[in-house]
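Below: the structure, in structure tokens.
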Amino acid sequence: MSSSEQAVRPEMPVSTDVEFMLDGRSPDAVLEPASEQEALESLAWATRNGHAVVPVGGATHWQFGNLLRAEKWAALCTCKLAGIVDYSAEDMVVTARPGTTLAELQAVLAQQRQFLPLTSPLPQVATIGGIVATNRQGRLRAAFGAPRDRLLGARIATSSGKVIRGGGRVVKNVAGYDLCKLFAGSQGTLGLLTEITLKTNPMPEEQRSISFLATSLAHGCAGALRLQHDQLDPAGSILRSGDKPVLSLLLLGSKTSVDWQEKRIAETLTGLGLVRSETGSGHEDWSEPPLPAIAPAAFRLQARPTECGALSECLLRHCGTLSVVPAAGIVEGVLAEGSDEDVLHAVQEIASTPLSGGYLTWQKLPASVKHQIDSMGPKRDDFELLRGVKHTMDPAGMFSPGRGLGGI
Ligand SMILES: Cc1cc2nc3c(=O)[nH]c(=O)nc-3n(C[C@H](O)[C@H](O)[C@H](O)COP(=O)(O)OP(=O)(O)OC[C@H]3O[C@@H](n4cnc5c(N)ncnc54)[C@H](O)[C@@H]3O)c2cc1C
């Protein structure tokens with residue numbers, strides 16, 4: 001028996017909780033470690049009791065993934081594993097425990113006029129562990145990249161009862177393979193992130209949102225791509241479906257540069273037939289809305305930016321709402337309500353959309369449809385490598401078995 005197993009306390013927090021339902025199944029236990037050592041004890045407890053473990057932060061994106069393949073499972077909640085460990089404003093580097101919410105982190109950084117360019121929905125609830133494990137980024141992606149691009153280091157508790165460390169607390173931190181990046185987007189299938197180091201950004205002097213009405217999604221995409229071509233790239237962009245699709249742009253920088261950019265963008269887009277709408281300011285418009293609870297299914301498609309216009313026009317007929325981040329090649333759709341049969345039919349049609357090099361993932365699917373469709377999209381050429389990584393990092397298959405791509 002390992003030292004961490006001997007240390008398991010009889011009062012290990014174990015309960016059942018319907019809040020943590022996954023595809024209609026409630027967990028057999030909920031574990032809430034308050035330190036890295038307690039996280040290792042929780043994993044040892046799960047090993048001894050034959051439970052699979054699914055990490056959970058704010059549960060805002062927890063339903064994303066294939067069906068869990070385990071008889072007994074525990075939700076490993078990071079709510080008590082929270083707080084900032086270290087923040088060096090001069091070096092623009094922050095280290096936090098995984099259960100720290102995005103809002104909490106932004107509030108601390110704002111005191112030093114810094115921020116993390118991440119736009120998770122429900123920032124008061126979404127945790128930095130979940131954000132890194134999901135590696136999802138939407139509206140600001142073209143300018144700031146994904147959470148992976150901000151990740152400098154991490155500590156991870158593994159199913160073998162050890163803590164591994166990748167990267168560090170400095171910007172130039174890696175010689176050789178950058179191990180911690182492997183956990184960005186791992187969706188809780190490889191291990192539990194127990195500490196995360198990220199690089200921060202300076203807060204711009206001026207932030208301004210401007211909007212334009214397009215005649216169609218393809219028209220709006222063409223406008224956004226022209227801005228890219230003319231090197232007028234806004235920091236954020238989003239095109240939303242509607243009677244008249246709205247292209248919203250976020251401008252960041254000094255007041256002089258934002259004034260200049262706004263003028264040039266307005267000239268370019270009105271020249272292409274888009275019509276100026278209202279002007280706003282700030283980040284508040286830029287946090288992603290959460291998925292509506294009644295939405296039966298939602299997808300995210302990553303494609304070539306030049307294909308987004310045609311793809312969005314074609315997919316719109318299946319959707320209640322659809323949005324595009326043209327510069328990053330992201331098309332996201334929320335399916336309209338319908339009978340189970342209608343939803344399955346729409347899902348199958350969307351899944352068969354021909355793509356030249358892109359891929360499709362399902363952010364939400366009814367459990368009945370998850371039996372028939374891989375939420376993570378079709379297996380790609382690197383699938384065997386992915387399986388090898390899973391086997392190396394989690395040989396016991398304890399972390400979220402079945403939930404990853406191809407059911408790994
Ligand atoms: C409509 C919509 C739009 C979104 N847009 C964005 C966006 O633009 N930018 C963005 O950053 N995110 C976006 N997200 C993703 C998401 O909200 C967050 O990025 C993140 O998942 C929230 O964290 P959480 O604490 O709620 O994670 P949870 O929902 O609790 O967990 C998400 C995943 O991470 C795993 N996980 C959680 N904590 C850990 C940990 N400590 N160690 C290992 N694995 C862990 C879980 O097992 C699960 O697979 C979007 C989600 C939705 C539904």
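Each chain in the structure tokens gets a letter, A, B, ..., in the order shown, and its residues are numbered from 1; ligands are numbered from 1 in order too.
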### Task
Identify, with DSSP run on backbone atoms, the residues in region 80-234 of chain A assigned to helix (DSSP H, G or I), and express the list as a count of residues only.
42
### Message
Residues contacting ligand 1 - anything with an atom at most 6 Å away, using only C-alpha atoms and all ligand atoms - can you give me those as a ChimeraX atom specification?
### Response
/A:54-62,98,118-121,126-127,129-131,133-134,136-139,187-188,191-194,288-291
Based on the selection just made, write N, CA, C and O atoms of those residues as a short mmCIF file (atom, residue, chain, number, x, y, z; two decimals), in the first residue's frame.
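What landed in part_6.cif:
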data_model
loop_
_atom_site.label_atom_id
_atom_site.label_comp_id
_atom_site.auth_asym_id
_atom_site.auth_seq_id
_atom_site.Cartn_x
_atom_site.Cartn_y
_atom_site.Cartn_z
N VAL A 54 -14.39 11.40 -12.44
CA VAL A 54 -14.60 12.46 -13.43
C VAL A 54 -14.38 13.80 -12.73
O VAL A 54 -15.15 14.18 -11.85
N PRO A 55 -13.29 14.53 -13.11
CA PRO A 55 -13.06 15.84 -12.49
C PRO A 55 -14.18 16.80 -12.87
O PRO A 55 -14.70 16.75 -13.99
N VAL A 56 -14.51 17.70 -11.95
CA VAL A 56 -15.52 18.72 -12.26
C VAL A 56 -15.17 20.02 -11.54
O VAL A 56 -14.75 20.00 -10.39
N GLY A 57 -15.31 21.13 -12.30
CA GLY A 57 -15.09 22.45 -11.72
C GLY A 57 -16.45 23.10 -11.51
O GLY A 57 -17.21 22.74 -10.62
N GLY A 58 -16.79 24.04 -12.40
CA GLY A 58 -18.09 24.72 -12.30
C GLY A 58 -19.21 23.99 -13.01
O GLY A 58 -20.35 24.44 -13.00
N ALA A 59 -18.88 22.89 -13.68
CA ALA A 59 -19.85 22.05 -14.43
C ALA A 59 -20.56 22.84 -15.54
O ALA A 59 -21.65 22.48 -15.94
N THR A 60 -19.93 23.91 -16.06
CA THR A 60 -20.57 24.66 -17.15
C THR A 60 -20.41 23.95 -18.49
O THR A 60 -21.14 24.24 -19.43
N HIS A 61 -19.44 23.08 -18.58
CA HIS A 61 -19.19 22.41 -19.87
C HIS A 61 -18.98 20.92 -19.65
O HIS A 61 -18.31 20.24 -20.41
N TRP A 62 -19.57 20.45 -18.58
CA TRP A 62 -19.31 19.09 -18.10
C TRP A 62 -19.99 18.04 -18.95
O TRP A 62 -19.55 16.89 -19.04
N PRO A 98 -6.94 24.81 -9.34
CA PRO A 98 -7.88 24.62 -10.46
C PRO A 98 -9.30 25.11 -10.20
O PRO A 98 -9.99 25.50 -11.12
N LEU A 118 -9.79 35.42 -21.89
CA LEU A 118 -10.61 34.22 -21.99
C LEU A 118 -12.06 34.64 -21.81
O LEU A 118 -12.35 35.49 -20.96
N THR A 119 -12.97 34.06 -22.58
CA THR A 119 -14.36 34.55 -22.58
C THR A 119 -15.35 33.45 -22.24
O THR A 119 -16.32 33.24 -22.93
N SER A 120 -15.04 32.72 -21.20
CA SER A 120 -15.92 31.62 -20.82
C SER A 120 -17.32 32.11 -20.41
O SER A 120 -17.43 33.16 -19.78
N PRO A 121 -18.39 31.36 -20.74
CA PRO A 121 -19.69 31.76 -20.22
C PRO A 121 -19.69 31.54 -18.71
O PRO A 121 -18.96 30.71 -18.21
N ALA A 126 -17.35 29.23 -13.86
CA ALA A 126 -16.35 28.45 -14.62
C ALA A 126 -14.99 28.56 -13.94
O ALA A 126 -14.57 29.65 -13.55
N THR A 127 -14.31 27.44 -13.80
CA THR A 127 -13.03 27.42 -13.10
C THR A 127 -11.86 27.38 -14.08
O THR A 127 -12.02 26.94 -15.23
N GLY A 129 -9.38 25.41 -13.92
CA GLY A 129 -9.09 23.99 -14.24
C GLY A 129 -9.94 23.53 -15.41
O GLY A 129 -9.46 22.90 -16.36
N GLY A 130 -11.25 23.85 -15.36
CA GLY A 130 -12.16 23.45 -16.43
C GLY A 130 -11.82 24.15 -17.74
O GLY A 130 -11.89 23.56 -18.82
N ILE A 131 -11.42 25.41 -17.64
CA ILE A 131 -11.11 26.17 -18.86
C ILE A 131 -9.89 25.57 -19.56
O ILE A 131 -9.89 25.38 -20.78
N ALA A 133 -8.71 22.43 -19.09
CA ALA A 133 -9.03 21.05 -19.51
C ALA A 133 -9.92 21.05 -20.75
O ALA A 133 -9.91 20.11 -21.53
N THR A 134 -10.71 22.11 -20.93
CA THR A 134 -11.59 22.19 -22.11
C THR A 134 -10.85 22.78 -23.31
O THR A 134 -11.12 22.43 -24.45
N ARG A 136 -11.17 25.56 -24.69
CA ARG A 136 -12.05 26.13 -25.67
C ARG A 136 -11.91 27.66 -25.67
O ARG A 136 -11.76 28.25 -24.61
N GLN A 137 -11.91 28.26 -26.83
CA GLN A 137 -11.89 29.71 -26.88
C GLN A 137 -12.64 30.14 -28.12
O GLN A 137 -12.51 29.52 -29.18
N GLY A 138 -13.44 31.15 -28.01
CA GLY A 138 -14.26 31.55 -29.14
C GLY A 138 -13.88 32.89 -29.70
O GLY A 138 -12.95 33.02 -30.49
N ARG A 139 -14.55 33.89 -29.20
CA ARG A 139 -14.57 35.19 -29.87
C ARG A 139 -13.22 35.91 -29.94
O ARG A 139 -13.02 36.74 -30.81
N GLN A 187 -9.84 17.25 -21.27
CA GLN A 187 -11.23 16.97 -20.86
C GLN A 187 -11.33 16.01 -19.69
O GLN A 187 -12.23 15.16 -19.65
N GLY A 188 -10.40 16.11 -18.77
CA GLY A 188 -10.49 15.27 -17.57
C GLY A 188 -10.23 13.80 -17.83
O GLY A 188 -10.58 12.95 -17.00
N GLY A 191 -5.79 13.13 -16.10
CA GLY A 191 -5.38 13.35 -14.72
C GLY A 191 -6.10 14.57 -14.18
O GLY A 191 -6.86 15.22 -14.90
N LEU A 192 -5.84 14.88 -12.91
CA LEU A 192 -6.48 16.04 -12.29
C LEU A 192 -5.47 17.20 -12.22
O LEU A 192 -4.43 17.07 -11.57
N LEU A 193 -5.79 18.30 -12.89
CA LEU A 193 -4.94 19.50 -12.79
C LEU A 193 -5.08 20.04 -11.37
O LEU A 193 -6.20 20.31 -10.92
N THR A 194 -3.95 20.18 -10.66
CA THR A 194 -4.04 20.66 -9.27
C THR A 194 -3.46 22.06 -9.11
O THR A 194 -3.67 22.70 -8.09
N GLU A 288 -19.21 34.69 -23.56
CA GLU A 288 -20.10 33.82 -24.33
C GLU A 288 -21.38 33.55 -23.54
O GLU A 288 -21.31 33.29 -22.34
N PRO A 289 -22.54 33.54 -24.18
CA PRO A 289 -23.74 33.16 -23.43
C PRO A 289 -23.73 31.66 -23.18
O PRO A 289 -23.23 30.90 -24.01
N PRO A 290 -24.24 31.20 -22.02
CA PRO A 290 -24.31 29.76 -21.81
C PRO A 290 -25.32 29.13 -22.76
O PRO A 290 -26.20 29.83 -23.28
N LEU A 291 -25.21 27.84 -22.97
CA LEU A 291 -26.19 27.16 -23.83
C LEU A 291 -27.55 27.18 -23.16
O LEU A 291 -27.64 26.89 -21.97
#
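Atom pair CA of Ala75 (chain A) / CA of Gly397 (chain A): separated by 15.2 Å.
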#### Entry: Who sits within 9 Å of Leu140 (chain A), only C-alpha atoms, same chain under 2 positions skipped, as a PyMOL selection string
chain A and resi 117-119+137-138+142-146+235-238+250+286+325+328
### Task
Would you return as a PyMOL selection string the members of region 185-366 of chain A that DSSP assigns to strand (DSSP E or B) on this structure's backbone?
chain A and resi 192-199+201-202+206-213+236-240+246-253+275-281+298-302+319-325+330-335+359-364
### Summary
Closest of A:Glu19, A:Ala266, A:Glu36, A:Met376 to Ile164 (chain A), counting only C-alpha atoms, is A:Glu36
#### Entry: Length of the CA of Ala293 (chain A) to CA of Leu76 (chain A) vector [Å]
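Distance reported for this atom pair: 23.5 Å.
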